[in-house]
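Trainee: Quick one, run_32.csv (CSV, C-alpha atoms):
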chain,number,residue,atom,x,y,z
A,1038,MET,CA,38.3,-11.1,4.2
A,1039,ASN,CA,38.5,-10.5,0.4
A,1040,GLY,CA,35.4,-9.2,-1.5
A,1041,LEU,CA,34.1,-12.4,-2.9
A,1042,ALA,CA,34.5,-14.2,0.4
A,1043,GLU,CA,32.4,-11.4,2.0
A,1044,ALA,CA,29.8,-12.0,-0.8
A,1045,VAL,CA,29.7,-15.7,-0.1
A,1046,ARG,CA,29.4,-15.2,3.6
A,1047,SER,CA,26.5,-12.7,3.1
A,1048,PHE,CA,24.8,-15.1,0.7
A,1049,ALA,CA,25.0,-17.9,3.2
A,1050,LEU,CA,23.8,-15.7,6.1
A,1051,THR,CA,20.8,-14.4,4.1
A,1052,ARG,CA,19.8,-17.9,3.1
A,1053,TRP,CA,20.2,-19.2,6.7
A,1054,VAL,CA,18.2,-16.4,8.3
A,1055,SER,CA,15.3,-16.9,5.8
A,1056,ARG,CA,14.9,-20.5,7.0
A,1057,LYS,CA,14.5,-19.5,10.7
A,1058,THR,CA,11.2,-19.7,12.6
A,1059,TRP,CA,9.6,-16.4,13.6
A,1060,PRO,CA,10.6,-16.6,17.3
A,1061,ASP,CA,14.2,-17.6,16.4
A,1062,PHE,CA,14.4,-14.8,13.8
A,1063,GLU,CA,13.1,-12.2,16.3
A,1064,ARG,CA,15.9,-13.2,18.7
A,1065,TRP,CA,18.5,-13.1,16.0
A,1066,GLN,CA,17.4,-9.7,14.8
A,1067,ALA,CA,17.3,-8.3,18.3
A,1068,ALA,CA,20.8,-9.4,18.9
A,1069,ALA,CA,22.0,-7.9,15.6
A,1070,LEU,CA,20.3,-4.6,16.3
A,1071,ARG,CA,21.8,-4.6,19.8
A,1072,ARG,CA,25.3,-5.0,18.3
A,1073,PHE,CA,24.6,-2.2,15.9
A,1074,LEU,CA,23.5,0.2,18.7
A,1075,ASP,CA,26.5,-0.7,20.9
A,1076,ARG,CA,29.3,-1.0,18.3
A,1077,ASP,CA,28.5,0.8,15.0
A,1078,LEU,CA,26.1,3.7,15.8
A,1079,PRO,CA,28.5,5.5,18.2
A,1080,ARG,CA,31.2,5.7,15.4
A,1081,ALA,CA,29.1,8.4,13.6
A,1082,SER,CA,29.6,11.7,15.3
A,1083,PHE,CA,25.9,12.6,14.9
A,1084,TYR,CA,25.2,10.0,17.6
A,1085,GLY,CA,28.6,9.8,19.4
A,1086,LYS,CA,27.5,7.2,22.1
A,1087,ALA,CA,25.7,3.9,22.3
A,1088,GLN,CA,22.0,4.0,22.9
A,1089,ALA,CA,20.0,1.8,25.3
A,1090,ARG,CA,17.0,1.7,23.0
A,1091,LEU,CA,16.4,2.3,19.4
A,1092,VAL,CA,13.3,4.4,20.2
A,1093,ASP,CA,15.5,6.9,22.1
A,1094,LEU,CA,17.1,8.0,18.8
A,1095,PRO,CA,15.8,11.0,16.9
A,1096,VAL,CA,13.9,10.3,13.6
A,1097,THR,CA,16.1,11.4,10.6
A,1098,ASP,CA,15.3,12.1,7.0
A,1099,LYS,CA,17.1,13.1,3.7
A,1100,ALA,CA,17.2,16.8,4.5
A,1101,LEU,CA,19.0,16.2,7.8
A,1102,LEU,CA,21.3,13.6,6.3
A,1103,MET,CA,22.4,15.9,3.5
A,1104,ALA,CA,22.7,19.0,5.7
A,1105,ARG,CA,25.1,17.1,8.1
A,1106,PHE,CA,26.4,14.3,5.8
A,1107,ASP,CA,29.8,14.1,7.4
A,1108,GLU,CA,28.3,13.4,10.8
A,1109,PHE,CA,26.5,10.3,9.6
A,1110,ASN,CA,29.5,8.5,8.0
A,1111,ILE,CA,32.4,7.3,10.1
A,1112,HIS,CA,35.1,8.7,7.8
A,1113,ARG,CA,33.7,12.3,8.1
A,1114,LEU,CA,33.4,12.6,4.4
A,1115,THR,CA,31.7,15.8,3.6
A,1116,ALA,CA,28.8,16.1,1.0
A,1117,ALA,CA,31.0,18.4,-1.1
A,1118,LYS,CA,33.8,15.8,-1.3
A,1119,ALA,CA,31.3,13.1,-2.0
A,1120,TRP,CA,29.7,15.1,-4.9
A,1121,ALA,CA,33.2,15.7,-6.2
A,1122,ALA,CA,34.1,12.0,-6.0
A,1123,LEU,CA,30.8,11.2,-7.8
A,1124,ALA,CA,31.6,13.6,-10.6
A,1125,ARG,CA,35.0,11.8,-11.1
A,1126,ASP,CA,34.7,8.0,-10.8
A,1127,GLY,CA,32.5,7.5,-7.8
A,1128,ARG,CA,35.5,6.7,-5.6
A,1129,ALA,CA,36.6,8.5,-2.4
A,1130,GLY,CA,39.7,6.6,-1.4
A,1131,SER,CA,38.6,3.1,-0.6
A,1132,LEU,CA,34.9,4.1,-0.4
A,1133,THR,CA,32.2,4.0,-3.1
A,1134,VAL,CA,30.0,7.0,-3.5
A,1135,GLY,CA,26.5,7.0,-5.2
A,1136,ALA,CA,23.5,9.1,-5.4
A,1137,SER,CA,19.7,8.8,-6.0
A,1138,THR,CA,18.2,10.0,-9.3
A,1139,GLY,CA,16.4,12.8,-7.5
A,1140,THR,CA,12.8,12.1,-8.3
A,1141,SER,CA,11.6,14.7,-5.8
A,1142,GLY,CA,14.1,17.3,-6.9
A,1143,ASN,CA,16.8,16.8,-4.3
A,1144,ARG,CA,19.3,14.0,-4.7
A,1145,GLY,CA,20.5,11.9,-1.8
A,1146,LEU,CA,24.1,10.6,-1.4
A,1147,PHE,CA,25.3,7.3,0.0
A,1148,VAL,CA,28.8,6.0,0.8
A,1149,ILE,CA,29.7,2.4,1.4
A,1150,SER,CA,32.9,0.4,1.9
A,1151,GLU,CA,34.2,-2.4,-0.3
A,1152,ALA,CA,33.0,-5.0,2.2
A,1153,GLU,CA,29.5,-3.5,2.2
A,1154,LYS,CA,29.4,-3.6,-1.6
A,1155,TYR,CA,30.1,-7.3,-1.6
A,1156,ARG,CA,27.7,-7.9,1.3
A,1157,TRP,CA,25.0,-6.2,-0.8
A,1158,LEU,CA,25.9,-8.5,-3.7
A,1159,GLY,CA,25.6,-11.6,-1.6
A,1160,ALA,CA,22.3,-10.6,-0.1
A,1161,ILE,CA,20.6,-9.6,-3.4
A,1162,LEU,CA,21.8,-12.9,-5.1
A,1163,ALA,CA,20.5,-14.9,-2.1
A,1164,LYS,CA,17.1,-13.2,-2.3
A,1165,ALA,CA,16.7,-12.8,-6.1
A,1166,ALA,CA,18.2,-15.7,-7.9
A,1167,PRO,CA,19.9,-18.4,-5.7
A,1168,ASP,CA,18.9,-21.1,-8.0
A,1169,LEU,CA,20.3,-19.4,-11.1
A,1170,LEU,CA,23.6,-18.5,-9.6
A,1171,TRP,CA,25.4,-21.8,-10.0
A,1172,ARG,CA,24.4,-22.1,-13.6
A,1173,GLY,CA,26.0,-18.8,-14.4
A,1174,MET,CA,23.9,-15.6,-14.9
A,1175,ARG,CA,23.8,-12.8,-17.4
A,1176,VAL,CA,22.3,-9.9,-15.6
A,1177,ALA,CA,21.1,-6.8,-17.5
A,1178,VAL,CA,20.7,-3.8,-15.3
A,1179,ILE,CA,18.7,-0.9,-16.9
A,1180,LEU,CA,18.6,2.2,-14.8
A,1181,PRO,CA,19.1,5.9,-15.1
A,1182,GLN,CA,22.7,5.9,-13.9
A,1183,ASN,CA,25.5,3.4,-13.4
A,1184,THR,CA,27.1,3.0,-10.0
A,1185,ARG,CA,30.2,1.3,-8.7
A,1186,LEU,CA,27.9,-0.7,-6.5
A,1187,TYR,CA,27.6,-3.1,-9.4
A,1188,ASP,CA,31.4,-3.5,-9.7
A,1189,SER,CA,31.4,-6.3,-7.2
A,1190,ALA,CA,29.1,-8.4,-9.5
A,1191,ARG,CA,31.5,-7.9,-12.4
A,1192,LYS,CA,34.3,-9.5,-10.5
A,1193,SER,CA,32.5,-12.8,-10.0
A,1194,ARG,CA,33.1,-15.6,-12.6
A,1195,LEU,CA,29.5,-16.8,-12.0
A,1196,ILE,CA,27.9,-13.5,-13.1
A,1197,LYS,CA,28.2,-11.4,-16.3
A,1198,LEU,CA,26.7,-8.0,-15.7
A,1199,ALA,CA,25.9,-5.4,-18.3
A,1200,PHE,CA,24.6,-1.9,-17.5
A,1201,PHE,CA,22.4,-0.2,-20.0
A,1202,ASP,CA,21.9,3.6,-19.6
A,1203,LEU,CA,18.2,4.3,-19.4
A,1204,THR,CA,18.7,8.0,-20.2
A,1205,ALA,CA,20.3,7.2,-23.6
A,1206,GLY,CA,17.0,5.6,-24.7
A,1207,PRO,CA,16.3,2.0,-25.5
A,1208,GLU,CA,16.9,2.2,-29.2
A,1209,SER,CA,20.5,3.2,-28.7
A,1210,TRP,CA,21.3,-0.1,-26.9
A,1211,ARG,CA,18.5,-2.5,-28.1
A,1212,GLY,CA,20.9,-4.5,-30.3
A,1213,ALA,CA,23.5,-4.8,-27.6
A,1214,LEU,CA,20.9,-5.9,-25.1
A,1215,GLU,CA,19.4,-8.5,-27.4
A,1216,MET,CA,22.9,-9.8,-28.2
A,1217,PHE,CA,23.8,-10.0,-24.5
A,1218,ASP,CA,20.7,-12.3,-24.1
A,1219,PRO,CA,20.3,-11.8,-20.4
A,1220,THR,CA,19.0,-14.5,-18.1
A,1221,VAL,CA,18.0,-11.8,-15.5
A,1222,ILE,CA,16.6,-8.4,-16.3
A,1223,ILE,CA,16.3,-5.6,-13.7
A,1224,ALA,CA,14.5,-2.5,-15.1
A,1225,PRO,CA,11.8,0.1,-14.3
A,1226,PRO,CA,8.3,-1.2,-15.3
A,1227,LYS,CA,7.9,1.4,-18.0
A,1228,ILE,CA,11.0,0.0,-19.8
A,1229,LEU,CA,9.8,-3.6,-19.4
A,1230,ARG,CA,6.5,-2.5,-20.9
A,1231,HIS,CA,8.3,-0.8,-23.7
A,1232,PHE,CA,10.1,-4.1,-24.5
A,1233,ALA,CA,6.7,-5.7,-24.8
A,1234,SER,CA,5.2,-3.0,-27.0
A,1235,GLU,CA,8.3,-3.0,-29.3
A,1236,GLY,CA,8.7,-6.7,-29.4
A,1237,PHE,CA,12.3,-6.9,-28.1
A,1238,ARG,CA,13.9,-10.3,-28.7
A,1239,LEU,CA,14.6,-11.3,-25.1
A,1240,ARG,CA,14.2,-14.6,-23.2
A,1241,PRO,CA,15.1,-14.2,-19.6
A,1242,LYS,CA,14.5,-16.7,-16.8
A,1243,ARG,CA,13.7,-13.9,-14.3
A,1244,VAL,CA,12.4,-10.4,-14.6
A,1245,PHE,CA,12.5,-7.8,-11.9
A,1246,SER,CA,10.7,-4.4,-11.8
A,1247,ALA,CA,12.8,-1.9,-9.9
A,1248,ALA,CA,13.4,1.9,-9.4
A,1249,GLU,CA,9.7,2.9,-9.9
A,1250,THR,CA,6.3,2.1,-8.6
A,1251,LEU,CA,4.8,-0.9,-10.3
A,1252,ASP,CA,1.3,0.0,-11.3
A,1253,PRO,CA,-1.2,-2.8,-11.5
A,1254,VAL,CA,-2.0,-1.8,-15.1
A,1255,ASP,CA,1.6,-2.7,-16.2
A,1256,ARG,CA,2.0,-6.2,-14.6
A,1257,PRO,CA,-0.2,-8.2,-17.0
A,1258,VAL,CA,1.3,-6.7,-20.1
A,1259,ILE,CA,4.9,-7.4,-18.9
A,1260,GLU,CA,4.0,-11.0,-17.7
A,1261,ASP,CA,2.2,-11.9,-20.9
A,1262,PHE,CA,5.2,-10.7,-23.0
A,1263,PHE,CA,7.9,-12.5,-21.1
A,1264,ARG,CA,5.6,-15.5,-20.1
A,1265,LEU,CA,7.1,-15.2,-16.6
A,1266,PRO,CA,5.8,-13.8,-13.3
A,1267,LEU,CA,7.1,-10.3,-12.7
A,1268,ASP,CA,9.1,-10.0,-9.5
A,1269,GLN,CA,10.2,-6.8,-7.7
A,1270,ILE,CA,13.3,-5.4,-6.1
A,1271,TYR,CA,12.5,-2.5,-3.8
A,1272,MET,CA,15.7,-0.6,-3.5
A,1273,ALA,CA,16.6,3.1,-2.8
A,1274,THR,CA,19.6,5.2,-2.1
A,1275,GLU,CA,19.1,4.2,1.5
A,1276,GLY,CA,19.5,0.5,0.8
A,1277,LEU,CA,17.9,-2.8,-0.3
A,1278,PHE,CA,14.4,-3.1,1.3
A,1279,ALA,CA,12.5,-5.9,-0.3
A,1280,VAL,CA,12.8,-8.7,-2.9
A,1281,THR,CA,10.2,-11.0,-4.3
A,1282,CYS,CA,10.6,-14.7,-3.4
A,1283,ARG,CA,9.9,-17.6,-5.7
A,1284,GLN,CA,6.4,-18.0,-4.2
A,1285,GLY,CA,5.6,-14.4,-5.2
A,1286,GLY,CA,5.8,-12.7,-1.8
A,1287,LEU,CA,7.6,-9.3,-1.7
A,1288,HIS,CA,9.6,-9.8,1.5
A,1289,LEU,CA,11.1,-7.0,3.5
A,1290,ALA,CA,14.8,-7.2,4.0
A,1291,GLU,CA,14.5,-7.6,7.8
A,1292,ASP,CA,17.7,-9.6,7.9
A,1293,SER,CA,19.6,-6.3,7.4
A,1294,VAL,CA,17.0,-3.6,8.1
A,1295,PHE,CA,14.8,-3.0,11.2
A,1296,PHE,CA,11.5,-1.5,10.1
A,1297,GLU,CA,9.2,0.7,12.2
A,1298,PHE,CA,6.0,1.9,10.5
A,1299,GLU,CA,4.1,5.1,10.9
A,1300,PRO,CA,0.4,5.1,9.9
A,1301,ALA,CA,-0.3,7.2,6.8
A,1302,GLY,CA,-4.1,6.7,6.4
A,1303,GLU,CA,-6.1,4.5,4.0
A,1304,GLY,CA,-4.5,1.4,5.7
A,1305,LEU,CA,-1.0,2.5,4.5
A,1306,VAL,CA,2.2,3.0,6.4
A,1307,THR,CA,5.5,4.9,5.8
A,1308,PRO,CA,8.6,3.2,7.1
A,1309,LEU,CA,11.4,4.3,9.4
A,1310,VAL,CA,14.5,2.2,8.6
A,1311,THR,CA,17.5,1.2,10.6
A,1312,ALA,CA,20.1,-0.5,8.5
A,1313,PHE,CA,21.9,-2.6,11.2
A,1314,ARG,CA,24.4,-4.3,8.8
A,1315,ARG,CA,25.8,-1.0,7.5
A,1316,ARG,CA,28.8,0.3,9.2
A,1317,THR,CA,30.1,3.2,7.0
A,1318,GLN,CA,27.1,5.5,6.7
A,1319,ILE,CA,24.8,5.1,9.7
A,1320,MET,CA,21.1,4.9,8.9
A,1321,ALA,CA,19.0,4.8,12.0
A,1322,ARG,CA,15.3,5.6,12.3
A,1323,TYR,CA,15.5,7.2,8.8
A,1324,ARG,CA,12.1,8.2,7.5
A,1325,MET,CA,11.4,6.9,4.0
A,1326,ASN,CA,9.2,8.8,1.6
A,1327,ASP,CA,7.3,5.6,0.4
A,1328,LEU,CA,3.8,4.4,1.1
A,1329,LEU,CA,3.4,0.7,1.7
A,1330,ARG,CA,0.5,-1.7,2.2
A,1331,LEU,CA,1.7,-4.5,4.5
A,1332,SER,CA,0.5,-8.0,4.0
A,1333,LYS,CA,-1.7,-9.4,6.8
A,1334,GLU,CA,-0.7,-13.0,6.0
A,1335,PRO,CA,2.7,-14.8,6.1
A,1336,CYS,CA,4.1,-16.0,2.8
A,1337,ARG,CA,3.6,-19.6,1.9
A,1338,CYS,CA,7.4,-19.9,1.3
A,1339,GLY,CA,7.8,-20.1,5.1
A,1340,SER,CA,10.2,-17.2,5.5
A,1341,PRO,CA,9.9,-15.2,8.7
A,1342,LEU,CA,10.4,-12.0,6.8
A,1343,ARG,CA,7.2,-9.9,6.5
A,1344,CYS,CA,5.7,-9.2,3.1
A,1345,VAL,CA,4.5,-6.1,1.4
A,1346,ASP,CA,1.3,-6.4,-0.6
A,1347,GLU,CA,1.9,-3.2,-2.5
A,1348,ILE,CA,4.4,-0.3,-2.8
A,1349,VAL,CA,1.7,2.3,-3.4
A,1350,GLY,CA,3.9,5.4,-4.2
A,1351,ARG,CA,5.5,8.3,-2.5
A,1352,MET,CA,4.3,10.6,0.3
A,1353,ASP,CA,5.2,13.5,-2.0
A,1354,ASP,CA,2.5,12.4,-4.5
A,1355,VAL,CA,-0.4,12.3,-2.0
A,1356,PHE,CA,-2.9,14.9,-3.3
A,1357,ARG,CA,-3.4,17.7,-0.7
A,1358,LEU,CA,-6.8,19.2,-1.2
A,1359,VAL,CA,-9.3,21.4,0.6
A,1360,SER,CA,-12.7,20.0,1.5
A,1361,GLN,CA,-15.8,21.4,3.1
A,1362,ASP,CA,-14.6,19.8,6.3
A,1363,GLY,CA,-11.0,21.1,6.1
A,1364,PRO,CA,-7.8,19.8,4.5
A,1365,ILE,CA,-7.8,16.2,3.2
A,1366,LEU,CA,-5.2,13.8,1.8
A,1367,VAL,CA,-5.9,11.4,-1.1
A,1368,THR,CA,-3.3,8.7,-1.6
A,1369,PRO,CA,-1.9,7.7,-5.0
A,1370,ASP,CA,-3.5,4.2,-5.0
A,1371,VAL,CA,-7.0,5.6,-4.5
A,1372,LEU,CA,-6.5,8.1,-7.3
A,1373,ARG,CA,-5.0,5.5,-9.6
A,1374,ASN,CA,-7.8,3.0,-9.0
A,1375,ALA,CA,-10.4,5.6,-9.7
A,1376,VAL,CA,-9.0,6.1,-13.2
A,1377,LEU,CA,-8.3,2.4,-14.0
A,1378,LYS,CA,-11.6,1.2,-12.8
A,1379,ALA,CA,-13.5,3.7,-14.9
A,1380,ASP,CA,-13.0,1.6,-18.1
A,1381,ARG,CA,-10.9,-1.5,-18.6
A,1382,ARG,CA,-9.5,-0.1,-21.9
A,1383,ILE,CA,-7.5,2.4,-19.9
A,1384,ASP,CA,-3.8,1.3,-19.9
A,1385,ASP,CA,-2.0,4.6,-19.4
A,1386,PHE,CA,-2.8,8.0,-17.9
A,1387,ARG,CA,-1.3,10.9,-15.9
A,1388,LEU,CA,-3.1,12.5,-13.0
A,1389,ILE,CA,-1.4,15.6,-11.8
A,1390,GLN,CA,-2.2,18.1,-9.0
A,1391,THR,CA,-1.0,21.4,-10.3
A,1392,GLY,CA,-2.5,23.7,-7.7
A,1393,PRO,CA,-4.3,23.6,-4.4
A,1394,ASP,CA,-7.6,23.2,-6.2
A,1395,ARG,CA,-6.5,22.2,-9.7
A,1396,ILE,CA,-6.0,18.7,-11.2
A,1397,GLU,CA,-5.1,17.6,-14.7
A,1398,LEU,CA,-6.1,14.2,-16.1
A,1399,ARG,CA,-4.0,13.5,-19.2
A,1400,LEU,CA,-5.1,10.7,-21.6
A,1401,PRO,CA,-3.8,9.6,-25.0
A,1402,PRO,CA,-5.8,10.9,-28.1
A,1403,SER,CA,-6.1,7.2,-29.2
A,1404,PHE,CA,-8.6,6.5,-26.4
A,1405,ALA,CA,-12.2,6.5,-27.4
A,1406,ASP,CA,-14.2,9.6,-26.3
A,1407,ASP,CA,-16.4,7.5,-24.0
A,1408,VAL,CA,-13.3,6.1,-22.2
A,1409,ALA,CA,-12.0,9.6,-21.6
A,1410,VAL,CA,-15.4,10.8,-20.3
A,1411,ALA,CA,-15.7,7.8,-18.0
A,1412,ALA,CA,-12.2,8.5,-16.5
A,1413,HIS,CA,-12.9,12.2,-16.1
A,1414,GLN,CA,-16.2,11.5,-14.4
A,1415,ALA,CA,-14.6,8.8,-12.1
A,1416,VAL,CA,-12.0,11.3,-10.8
A,1417,ARG,CA,-14.6,14.0,-10.2
A,1418,ALA,CA,-16.9,11.5,-8.5
A,1419,LEU,CA,-14.1,10.4,-6.1
A,1420,LEU,CA,-13.4,14.0,-5.2
A,1421,GLU,CA,-17.0,14.8,-4.7
A,1422,MET,CA,-17.4,11.8,-2.4
A,1423,ARG,CA,-14.4,13.2,-0.4
A,1424,LYS,CA,-16.1,16.7,-0.5
A,1425,ALA,CA,-12.9,18.1,-2.1
A,1426,VAL,CA,-13.0,21.5,-3.8
A,1427,ALA,CA,-11.1,21.0,-7.0
A,1428,THR,CA,-11.4,21.4,-10.8
A,1429,VAL,CA,-10.4,18.4,-12.9
A,1430,THR,CA,-9.3,19.3,-16.4
A,1431,LEU,CA,-9.2,16.6,-19.1
A,1432,ILE,CA,-6.3,16.9,-21.5
A,1433,ARG,CA,-5.9,14.7,-24.5
A,1434,THR,CA,-2.2,14.4,-25.3
A,1435,PRO,CA,0.3,11.7,-26.3
A,1436,LEU,CA,2.1,10.0,-23.3
A,1437,PRO,CA,5.5,9.1,-24.8
A,1438,LEU,CA,8.2,7.0,-23.0
A,1439,GLU,CA,10.2,9.3,-20.9
A,1440,THR,CA,13.7,8.1,-20.0
A,1441,SER,CA,15.0,11.3,-18.3
A,1442,ARG,CA,12.7,11.0,-15.2
A,1443,LYS,CA,10.8,8.4,-13.2
A,1444,LEU,CA,7.3,7.5,-14.3
A,1445,ARG,CA,4.8,8.8,-11.8
A,1446,ARG,CA,1.3,8.3,-13.2
A,1447,VAL,CA,-0.1,10.1,-10.1
A,1448,GLU,CA,2.0,13.1,-9.3
A,1449,CYS,CA,1.6,16.1,-6.9
A,1450,ARG,CA,3.4,19.2,-8.1
A,1451,LEU,CA,2.7,21.3,-5.1
A,1452,GLU,CA,5.6,22.4,-2.9
A,1453,PRO,CA,6.4,19.6,-0.4
A,1454,ALA,CA,4.4,19.8,2.8
A,1455,ARG,CA,6.4,21.1,5.8
Reformat the file's structure so that it appears as structure tokens.

Mentor:
Amino acid sequence: MNGLAEAVRSFALTRWVSRKTWPDFERWQAAALRRFLDRDLPRASFYGKAQARLVDLPVTDKALLMARFDEFNIHRLTAAKAWAALARDGRAGSLTVGASTGTSGNRGLFVISEAEKYRWLGAILAKAAPDLLWRGMRVAVILPQNTRLYDSARKSRLIKLAFFDLTAGPESWRGALEMFDPTVIIAPPKILRHFASEGFRLRPKRVFSAAETLDPVDRPVIEDFFRLPLDQIYMATEGLFAVTCRQGGLHLAEDSVFFEFEPAGEGLVTPLVTAFRRRTQIMARYRMNDLLRLSKEPCRCGSPLRCVDEIVGRMDDVFRLVSQDGPILVTPDVLRNAVLKADRRIDDFRLIQTGPDRIELRLPPSFADDVAVAAHQAVRALLEMRKAVATVTLIRTPLPLETSRKLRRVECRLEPAR
């Protein structure tokens, strides 16, 4: 099957599955997972044999994957050869190699086949813009690094795709972006917000936030500027995990990924993912680093795929503090809300844990003094309520657009917990 035929097949399958009833979807997913365990998983030497049940498999993570990279892909491609391929053109024979941006300091690799690349294209088009596809689309992808993953889109006559390098800075490609006149924009929320503040001349039909946590403070600014609802694409090195539907529900990609959820406190969960439609690099019971708040209600669009109310942030950015009652954890959403609710004039900030008992609250000098005092007091009050022993230092400093790293308004700079 050629690439575009694979994309069409994936598009059709993704649309078909989204129309199933929940009982029918469960049966379909169970059968797909069974095939994966019997046929695909044993081809990776880390596993070596079929498994009777998914829960019998060990939980994996990025550290294990990178330490034994060749054992998780069926071509036994080593991490060293993958890095070398990435440094050249991202090709290792017929395979495409990519990597994460390394937000947490260690980059993760992925390797996919040509068929998987087109399968990804079909799935994301079916989820993100099925109604726009037949009219032709101009898609602007604004991310920190290009990847050959997008090559499949460039070969379709229905899609014109342009990549804009985030690290080069928006002013270096503003003219080219405006001239391209995209109908779909995929970019981190900080860049979408920058378009609003700088008045970029853009008139897309759909806008997707991607690659960073979408903070509540950014959504209204972006939506007011574009006069469109802001949708999300939740995607990582490990795969495509969720896309917003036309009714506004952020649906998990359960048509290609089986999710298990570990409780993380505060009503949040962290996912274990099994990508049952990937056949080159096996991802089974892989622990993600993200914190999700699952929706309790089904989406009104009727899809059987579950929804996420909020992607809260990363486990790495949970504040780890000492209290009178012992160690405590405070999640990014709780910390973010404390700052934002202190005064409605607050539209940007940084809250950083720099030591076991030290926290910095950074606010722009343009904020009125009473705003800064209210935010400072709100963070201290939250910590006092949790009985945390910590000093919160208020720092007035500009918060410029950073294109060399992901925006993390709440950030823990302690060594990762072991």

Trainee: Within 8 Å of Leu1329 of chain A, counting only C-alpha atoms, which residues qualify if same-chain residues fewer than 3 places away don't, as JSON, numbers by chain?

Mentor: {"A": [1305, 1306, 1307, 1308, 1345, 1346, 1347, 1348, 1349, 1350]}

Trainee: Identify, on the basis of all atoms listed in the file, every residue whose closest approach to segment 1387-1404 of chain A does not exceed 9 Å; exclude the query and any residue fewer than 5 positions from it along the same chain; express the result as a PyMOL selection string.

Mentor: chain A and resi 1354+1356-1359+1372-1373+1376+1382+1409+1412-1413+1416+1425-1436+1445-1451

Trainee: Residues within 10 Å of Ile1259 of chain A, please, as a ChimeraX atom specification. Count only C-alpha atoms; anything in the same chain fewer than 5 positions from it doesn't count.

Mentor: /A:1226-1234,1244,1246,1254,1264-1267

Trainee: Give me, as CSV, each residue of segment 1114-1173 of chain A that comes within 8 Å of segment 1273-1296 of chain A, together with its shortest interatomic pair and the distance in Å at one decimal, counting all atoms listed in the file, with rows ordered by chain and rising residue number.

Mentor:
residue,atom,partner,partner_atom,distance
A:Gly1135,CA,A:Thr1274,CA,7.8
A:Ala1136,CA,A:Thr1274,CA,6.4
A:Ser1137,CA,A:Thr1274,CA,5.3
A:Gly1145,CA,A:Thr1274,CA,6.8
A:Leu1146,CA,A:Thr1274,CA,7.1
A:Phe1147,CA,A:Thr1274,CA,6.4
A:Trp1157,CA,A:Leu1277,CA,7.9
A:Ile1161,CA,A:Val1280,CA,7.9
A:Lys1164,CA,A:Val1280,CA,6.3
A:Ala1165,CA,A:Val1280,CA,6.5

Trainee: Please determine, counting only C-alpha atoms, which residue among A:Pro1453, A:Gly1339, A:Gly1206, A:Gly1212 has the shortest atom-to-atom distance to Leu1438 of chain A.

Mentor: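 The answer is A:Gly1206, which sits nearest to Leu1438 of chain A.
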
Trainee: Just how far from atom CA of Pro1341 of chain A is atom CA of Lys1057 of chain A, in Å to one decimal?

Mentor: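 Going from atom CA of Lys1057 of chain A over to atom CA of Pro1341 of chain A, I get 6.6 Å.
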
Trainee: Interatomic distance between atom CA of Lys1154 of chain A and atom CA of Glu1215 of chain A?

Mentor: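 So the two atoms, atom CA of Lys1154 of chain A and atom CA of Glu1215 of chain A, lie 28.1 Å apart.
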
Trainee: Distance atom CA of Ile1270 of chain A-atom CA of Ala1247 of chain A, one decimal place?

Mentor: 5.2 Å

Trainee: Identify which of the residues A:Arg1156, A:Arg1113, A:Arg1144, A:Arg1330 lies closest to Val1045 of chain A, counting all atoms listed in the file when measuring atom-to-atom distances.

Mentor: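 Closest candidate: A:Arg1156.
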
Trainee: What lies within 9 Å of segment 1091-1095 of chain A using all atoms listed in the file, ignoring chain neighbours under 4 positions off, as a PyMOL selection string?

Mentor: chain A and resi 1070-1071+1074+1084+1311+1321-1323

Trainee: With all atoms listed in the file as the counted atoms, please give the residues lying no more than 10 Å from Ala1248 of chain A, apart from itself and same-chain residues fewer than 2 positions off, as a list in words.

Mentor: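 After dropping sequence-adjacent residues, the list is Ser1137, Thr1138, Ile1179, Leu1180, Pro1181, Ile1223, Ala1224, Pro1225, Pro1226, Ser1246, Thr1250, Leu1251, Gln1269, Ile1270, Tyr1271, Met1272, Ala1273, Lys1443 and Leu1444 of chain A.
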
Trainee: I need the residues from that last selection saved to file as a PDB file, in the coordinates of the input (with C-alpha atoms), if you can.

Mentor:
ATOM      1  CA  SER A1137      19.700   8.800  -6.000  1.00  0.00           C
ATOM      2  CA  THR A1138      18.200  10.000  -9.300  1.00  0.00           C
ATOM      3  CA  ILE A1179      18.700  -0.900 -16.900  1.00  0.00           C
ATOM      4  CA  LEU A1180      18.600   2.200 -14.800  1.00  0.00           C
ATOM      5  CA  PRO A1181      19.100   5.900 -15.100  1.00  0.00           C
ATOM      6  CA  ILE A1223      16.300  -5.600 -13.700  1.00  0.00           C
ATOM      7  CA  ALA A1224      14.500  -2.500 -15.100  1.00  0.00           C
ATOM      8  CA  PRO A1225      11.800   0.100 -14.300  1.00  0.00           C
ATOM      9  CA  PRO A1226       8.300  -1.200 -15.300  1.00  0.00           C
ATOM     10  CA  SER A1246      10.700  -4.400 -11.800  1.00  0.00           C
ATOM     11  CA  THR A1250       6.300   2.100  -8.600  1.00  0.00           C
ATOM     12  CA  LEU A1251       4.800  -0.900 -10.300  1.00  0.00           C
ATOM     13  CA  GLN A1269      10.200  -6.800  -7.700  1.00  0.00           C
ATOM     14  CA  ILE A1270      13.300  -5.400  -6.100  1.00  0.00           C
ATOM     15  CA  TYR A1271      12.500  -2.500  -3.800  1.00  0.00           C
ATOM     16  CA  MET A1272      15.700  -0.600  -3.500  1.00  0.00           C
ATOM     17  CA  ALA A1273      16.600   3.100  -2.800  1.00  0.00           C
ATOM     18  CA  LYS A1443      10.800   8.400 -13.200  1.00  0.00           C
ATOM     19  CA  LEU A1444       7.300   7.500 -14.300  1.00  0.00           C
TER      20      LEU A1444
END
